[in-house]
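Peer 1: This is protein_16.tsv, which holds TSV, C-alpha atoms:
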chain	number	residue	atom	x	y	z
N	54	MET	CA	0.00	0.00	0.00
N	55	PRO	CA	1.45	3.41	-0.93
N	56	LEU	CA	2.42	5.64	1.93
N	57	ILE	CA	0.58	8.62	0.41
N	58	ASN	CA	-1.00	8.78	-3.03
N	59	VAL	CA	-2.58	12.09	-4.01
N	60	ASN	CA	-2.31	12.30	-7.82
N	61	ARG	CA	1.44	11.72	-7.82
N	62	PRO	CA	3.37	9.34	-10.04
N	63	PRO	CA	3.70	6.03	-8.19
N	64	VAL	CA	7.13	4.68	-7.32
N	65	ALA	CA	6.82	1.08	-6.14
N	66	ILE	CA	10.11	-0.10	-4.66
N	67	GLY	CA	10.92	-3.64	-3.57
N	68	VAL	CA	13.56	-3.80	-0.86
N	69	SER	CA	15.87	-6.79	-1.20
N	70	TRP	CA	17.89	-7.80	1.87
N	71	SER	CA	19.34	-10.94	3.39
N	72	ALA	CA	17.74	-12.82	6.28
N	73	ARG	CA	21.28	-14.06	6.94
N	74	ASP	CA	21.84	-10.61	8.39
N	75	GLU	CA	19.49	-11.35	11.31
N	76	THR	CA	21.84	-9.60	13.71
N	77	TYR	CA	21.53	-6.50	11.52
N	78	LYS	CA	17.73	-6.58	11.26
N	79	THR	CA	17.47	-3.66	13.70
N	80	LEU	CA	19.90	-1.71	11.52
N	81	LYS	CA	17.84	-2.48	8.40
N	82	ARG	CA	14.65	-1.40	10.16
N	83	ASP	CA	16.33	1.78	11.35
N	84	LEU	CA	17.38	2.68	7.80
N	85	LEU	CA	13.99	1.85	6.29
N	86	ASP	CA	12.15	3.77	9.02
N	87	ARG	CA	14.25	6.86	8.30
N	88	VAL	CA	13.69	6.49	4.56
N	89	ARG	CA	9.94	5.83	4.89
N	90	VAL	CA	9.30	8.86	7.07
N	91	ARG	CA	11.02	11.07	4.49
N	92	LEU	CA	9.15	9.53	1.56
N	93	VAL	CA	5.76	10.21	3.15
N	94	SER	CA	6.25	13.97	2.90
N	95	ARG	CA	7.31	13.97	-0.76
N	96	VAL	CA	5.00	16.00	-2.98
N	97	ASP	CA	6.50	14.84	-6.28
N	98	PHE	CA	5.99	11.05	-6.08
N	99	ALA	CA	3.78	8.52	-4.26
N	100	PHE	CA	6.23	6.02	-2.79
N	101	ASP	CA	5.38	2.44	-1.92
N	102	LEU	CA	8.36	0.85	-0.14
N	103	TRP	CA	7.91	-2.88	0.37
N	104	ASP	CA	10.14	-5.39	2.13
N	105	SER	CA	9.70	-9.02	3.09
N	106	GLU	CA	8.79	-8.19	6.69
N	107	LEU	CA	5.43	-7.14	5.23
N	108	VAL	CA	4.64	-10.71	4.12
N	109	PRO	CA	1.58	-11.74	6.17
N	110	LEU	CA	2.12	-14.43	8.79
N	111	GLY	CA	1.36	-17.85	7.35
N	112	LEU	CA	1.95	-16.85	3.71
N	113	ASP	CA	4.76	-18.67	1.91
N	114	TRP	CA	7.49	-16.02	1.86
N	115	LYS	CA	9.39	-17.14	-1.27
N	116	PRO	CA	6.58	-16.65	-3.82
N	117	ALA	CA	5.49	-13.48	-2.00
N	118	ILE	CA	8.97	-11.95	-2.29
N	119	LEU	CA	9.38	-12.98	-5.91
N	120	HIS	CA	5.92	-11.63	-6.81
N	121	GLU	CA	6.69	-8.25	-5.25
N	122	LEU	CA	10.08	-7.98	-6.96
N	123	ASP	CA	8.54	-9.07	-10.29
N	124	THR	CA	5.79	-6.44	-10.15
N	125	ARG	CA	7.75	-3.45	-8.84
N	126	PRO	CA	9.67	-1.35	-11.36
N	127	TYR	CA	12.20	-0.24	-8.74
N	128	ALA	CA	14.47	-2.20	-6.40
N	129	MET	CA	16.46	-1.20	-3.33
N	130	PRO	CA	19.03	-3.91	-2.59
N	131	LEU	CA	20.54	-3.53	0.87
N	132	LEU	CA	24.03	-4.86	0.26
N	133	SER	CA	25.91	-6.83	2.89
N	134	PRO	CA	28.20	-9.88	3.05
N	135	GLY	CA	25.12	-12.00	3.86
N	136	TYR	CA	23.38	-10.62	0.78
N	137	LEU	CA	26.27	-11.66	-1.46
N	138	ALA	CA	26.45	-15.11	0.21
N	139	SER	CA	22.76	-15.97	-0.14
N	140	PRO	CA	22.02	-18.48	-2.92
N	141	PHE	CA	18.34	-17.44	-2.93
N	142	ILE	CA	19.24	-13.79	-3.42
N	143	ILE	CA	21.82	-14.46	-6.10
N	144	THR	CA	19.67	-16.90	-8.10
N	145	GLU	CA	16.18	-15.47	-7.49
N	146	GLU	CA	16.12	-11.92	-6.09
N	147	TRP	CA	19.15	-10.35	-7.77
N	148	PRO	CA	18.11	-11.18	-11.37
N	149	ARG	CA	14.71	-9.59	-10.67
N	150	ALA	CA	16.29	-6.53	-9.06
N	151	ALA	CA	18.70	-6.20	-11.97
N	152	ARG	CA	15.74	-5.90	-14.37
N	153	SER	CA	14.46	-2.96	-12.33
N	154	THR	CA	15.75	0.53	-11.85
N	155	MET	CA	17.97	-0.06	-8.85
N	156	PHE	CA	18.86	2.07	-5.86
N	157	PRO	CA	21.51	-0.15	-4.21
N	158	VAL	CA	22.51	0.84	-0.68
N	159	SER	CA	25.56	-0.15	1.33
N	160	LEU	CA	24.03	-1.49	4.55
N	161	ILE	CA	27.16	-3.32	5.69
N	162	PRO	CA	30.58	-3.01	3.97
N	163	VAL	CA	31.07	-5.45	1.10
N	164	ASP	CA	33.92	-6.22	-1.23
N	165	LEU	CA	32.63	-5.71	-4.75
N	166	THR	CA	35.54	-7.10	-6.68
N	167	PRO	CA	34.29	-8.41	-10.01
N	168	GLY	CA	31.84	-11.10	-9.18
N	169	VAL	CA	28.22	-11.98	-8.94
N	170	LEU	CA	26.73	-8.47	-9.00
N	171	THR	CA	28.79	-7.09	-11.86
N	172	PRO	CA	28.22	-5.84	-14.49
N	173	ALA	CA	24.73	-4.92	-13.21
N	174	VAL	CA	26.18	-2.77	-10.45
N	175	THR	CA	29.58	-1.35	-9.64
N	176	ALA	CA	30.92	0.10	-6.42
N	177	ARG	CA	30.37	3.67	-7.58
N	178	GLN	CA	26.66	2.99	-8.20
N	179	ILE	CA	26.10	1.89	-4.61
N	180	PHE	CA	24.87	4.58	-2.29
N	181	SER	CA	27.09	5.20	0.71
N	182	ALA	CA	28.12	8.13	2.90
N	183	ASP	CA	31.49	9.11	1.44
N	184	GLY	CA	32.40	5.44	1.14
N	185	LYS	CA	30.92	4.44	4.50
N	186	SER	CA	28.07	1.97	4.76
N	187	TYR	CA	25.07	2.67	6.96
N	188	SER	CA	26.43	0.32	9.65
N	189	GLN	CA	29.62	2.39	9.89
N	190	LEU	CA	27.76	5.56	10.88
N	191	SER	CA	27.16	6.43	14.50
N	192	GLY	CA	24.57	8.74	15.92
N	193	ASN	CA	21.23	9.98	14.71
N	194	ALA	CA	22.63	13.01	12.89
N	195	ALA	CA	24.88	10.91	10.64
N	196	ARG	CA	22.14	8.35	9.95
N	197	ASP	CA	19.58	11.08	9.27
N	198	GLN	CA	22.02	12.68	6.82
N	199	PHE	CA	22.51	9.29	5.12
N	200	ALA	CA	18.74	8.94	4.66
N	201	ASP	CA	18.40	12.55	3.44
N	202	ASP	CA	21.21	12.14	0.94
N	203	PHE	CA	19.87	8.79	-0.24
N	204	ILE	CA	16.43	10.31	-0.90
N	205	LYS	CA	18.05	13.18	-2.83
N	206	ALA	CA	20.06	10.72	-4.95
N	207	MET	CA	16.97	8.60	-5.58
N	208	ILE	CA	14.86	11.63	-6.59
N	209	ASN	CA	17.62	12.82	-8.92
N	210	ARG	CA	17.66	9.40	-10.55
N	211	LEU	CA	13.86	9.36	-10.88
N	212	ASN	CA	13.94	12.80	-12.49
N	213	THR	CA	16.68	11.85	-14.95
N	214	PRO	CA	15.28	10.64	-18.27
N	215	THR	CA	16.39	7.16	-19.20
N	216	VAL	CA	17.80	6.43	-22.59
N	217	THR	CA	16.62	3.28	-24.27
N	218	THR	CA	18.28	1.67	-27.22
N	219	PRO	CA	16.29	-0.07	-29.94
Could you render the structure as structure tokens?
Peer 2:
Amino acid sequence: MPLINVNRPPVAIGVSWSARDETYKTLKRDLLDRVRVRLVSRVDFAFDLWDSELVPLGLDWKPAILHELDTRPYAMPLLSPGYLASPFIITEEWPRAARSTMFPVSLIPVDLTPGVLTPAVTARQIFSADGKSYSQLSGNAARDQFADDFIKAMINRLNTPTVTTP
């Protein structure tokens, strides 16, 4: 369900993250809470930010995740070592995210030497705070700035016309 939708272009984003990062779930929630609260007040787009924690209890999570990633034109992969080590993400989620317009975020530092995510994404395409992942920031001010800067980068990308080749 969109956060707010008052005659604004919809932006449906599927968040992709690794359940292997269970110890970082609070960190993921913190980031998404900061992003969500900022998206609500946007007057230019109607954002719908979905992640797998929204799968209703009792529903099979795999098809639910894949359905959401298949039907959303935007993806927000939260990159971490657990993300890169997950066979389900690499074989199922990542190919779907790579077909979308992506807003990859550095949740936890990762080594992106040529590998599974390239050429779809390179280190310079991943949002970070001057090279620091979200987990490397301390204090509310730094994390708020990360969220603010991420939203600005995302809006700039949404407002930049895409070039398609025949």
Peer 1: Can you work out which one of N:Leu211, N:Ile143, N:Asp164, N:Pro130 has the shortest atom-to-atom distance to Phe180 (chain N), counting all atoms listed in the file?
Peer 2: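 That would be N:Pro130, the residue with the smallest distance to Phe180 (chain N).
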Peer 1: Please report, as a Markdown table, each residue of region 91-173 of chain N lying at most 8 Å from region 181-205 of chain N, together with the nearest pair of atoms and the separation in Å rounded to one decimal; use only C-alpha atoms, and order rows by chain and ascending residue number.
Peer 2:
| residue | atom | partner | partner_atom | distance |
| --- | --- | --- | --- | --- |
| N:Arg91 | CA | N:Asp201 | CA | 7.6 |
| N:Leu92 | CA | N:Ile204 | CA | 7.7 |
| N:Val158 | CA | N:Ser181 | CA | 6.5 |
| N:Ser159 | CA | N:Ser186 | CA | 4.7 |
| N:Leu160 | CA | N:Tyr187 | CA | 4.9 |
| N:Ile161 | CA | N:Ser188 | CA | 5.4 |
| N:Pro162 | CA | N:Ser186 | CA | 5.6 |
Peer 1: Show me, as a list in words, the residues that have an atom within 7 Å of region 123-128 of chain N when counting all atoms listed in the file, minus same-chain residues fewer than 6 positions from it.
Peer 2: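 In the requested format, the answer is Ala65, Ile66, Gly67, Val68, Arg149, Ala150, Ser153, Thr154, Met155 and Phe156 of chain N.
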Peer 1: Just to confirm, what's the straight-line distance from CA of Asp83 (chain N) to CA of Leu131 (chain N) in Å (one decimal)?
Peer 2: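 Atom-to-atom, CA of Asp83 (chain N) to CA of Leu131 (chain N), that is 12.5 Å.
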Peer 1: Measuring between all atoms listed in the file, which one of N:Arg73, N:Arg82, N:Arg61, N:His120 shows the shortest distance to Asp97 (chain N)?
Peer 2: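 Closest residue, counting all atoms listed in the file: N:Arg61.
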Peer 1: Point out the residue among N:Ala138, N:Met129, N:Leu112, N:Val163 with the least atom-to-atom distance to Met207 (chain N), counting only C-alpha atoms.
Peer 2: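 Selected residue with least distance to Met207 (chain N): N:Met129.
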Peer 1: Find the residue from N:Ser69, N:Gln178, N:Thr79, N:Ser133 that sits nearest to Leu102 (chain N); use only C-alpha atoms when measuring.
Peer 2: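 Ranked by minimum distance to Leu102 (chain N), first place goes to N:Ser69.
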Peer 1: Quick one: what's the axis-aligned box for region 140-143 of chain N, all listed atoms, 5 Å on every side, centre and edges in Å to one decimal, as JSON?
Peer 2:
{"center_x": 20.2, "center_y": -16.1, "center_z": -4.5, "size_x": 13.7, "size_y": 14.7, "size_z": 13.2}
Peer 1: Hey, what's within 10 Å of Val108 (chain N) if we count all atoms listed in the file and toss same-chain stuff fewer than 6 positions away? As a list in words, please?
Peer 2: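 So the residues in contact are Trp114, Lys115, Ala117, Ile118 and Glu121 of chain N.
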Peer 1: What is the CA of Tyr136 (chain N) to CA of Trp70 (chain N) distance in Å?
Peer 2: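 Atom-to-atom, CA of Tyr136 (chain N) to CA of Trp70 (chain N), that is 6.3 Å.
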Peer 1: Can you work out the spacing between CA of Glu75 (chain N) and CA of Gly135 (chain N) in Å, to one decimal?
Peer 2: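 Distance reported for this atom pair: 9.4 Å.
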Peer 1: Find the residues around Val64 (chain N) up to 7 Å (all atoms listed in the file counted), leave out those fewer than 6 positions away in its own chain, and share them as a PyMOL selection string.
Peer 2: chain N and resi 98-101
Peer 1: I'd like to know which of N:Leu165, N:Leu85, N:Ile179, N:Val90 is closest to Pro134 (chain N), using only C-alpha atoms.
Peer 2: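 Smallest distance to Pro134 (chain N) is found for N:Leu165.
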Peer 1: Which one is closest to Thr144 (chain N): N:Arg95, N:Leu80, N:Leu119, N:Pro157? Count only C-alpha atoms.
Peer 2: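 Using only C-alpha atoms, Thr144 (chain N) sits closest to N:Leu119.
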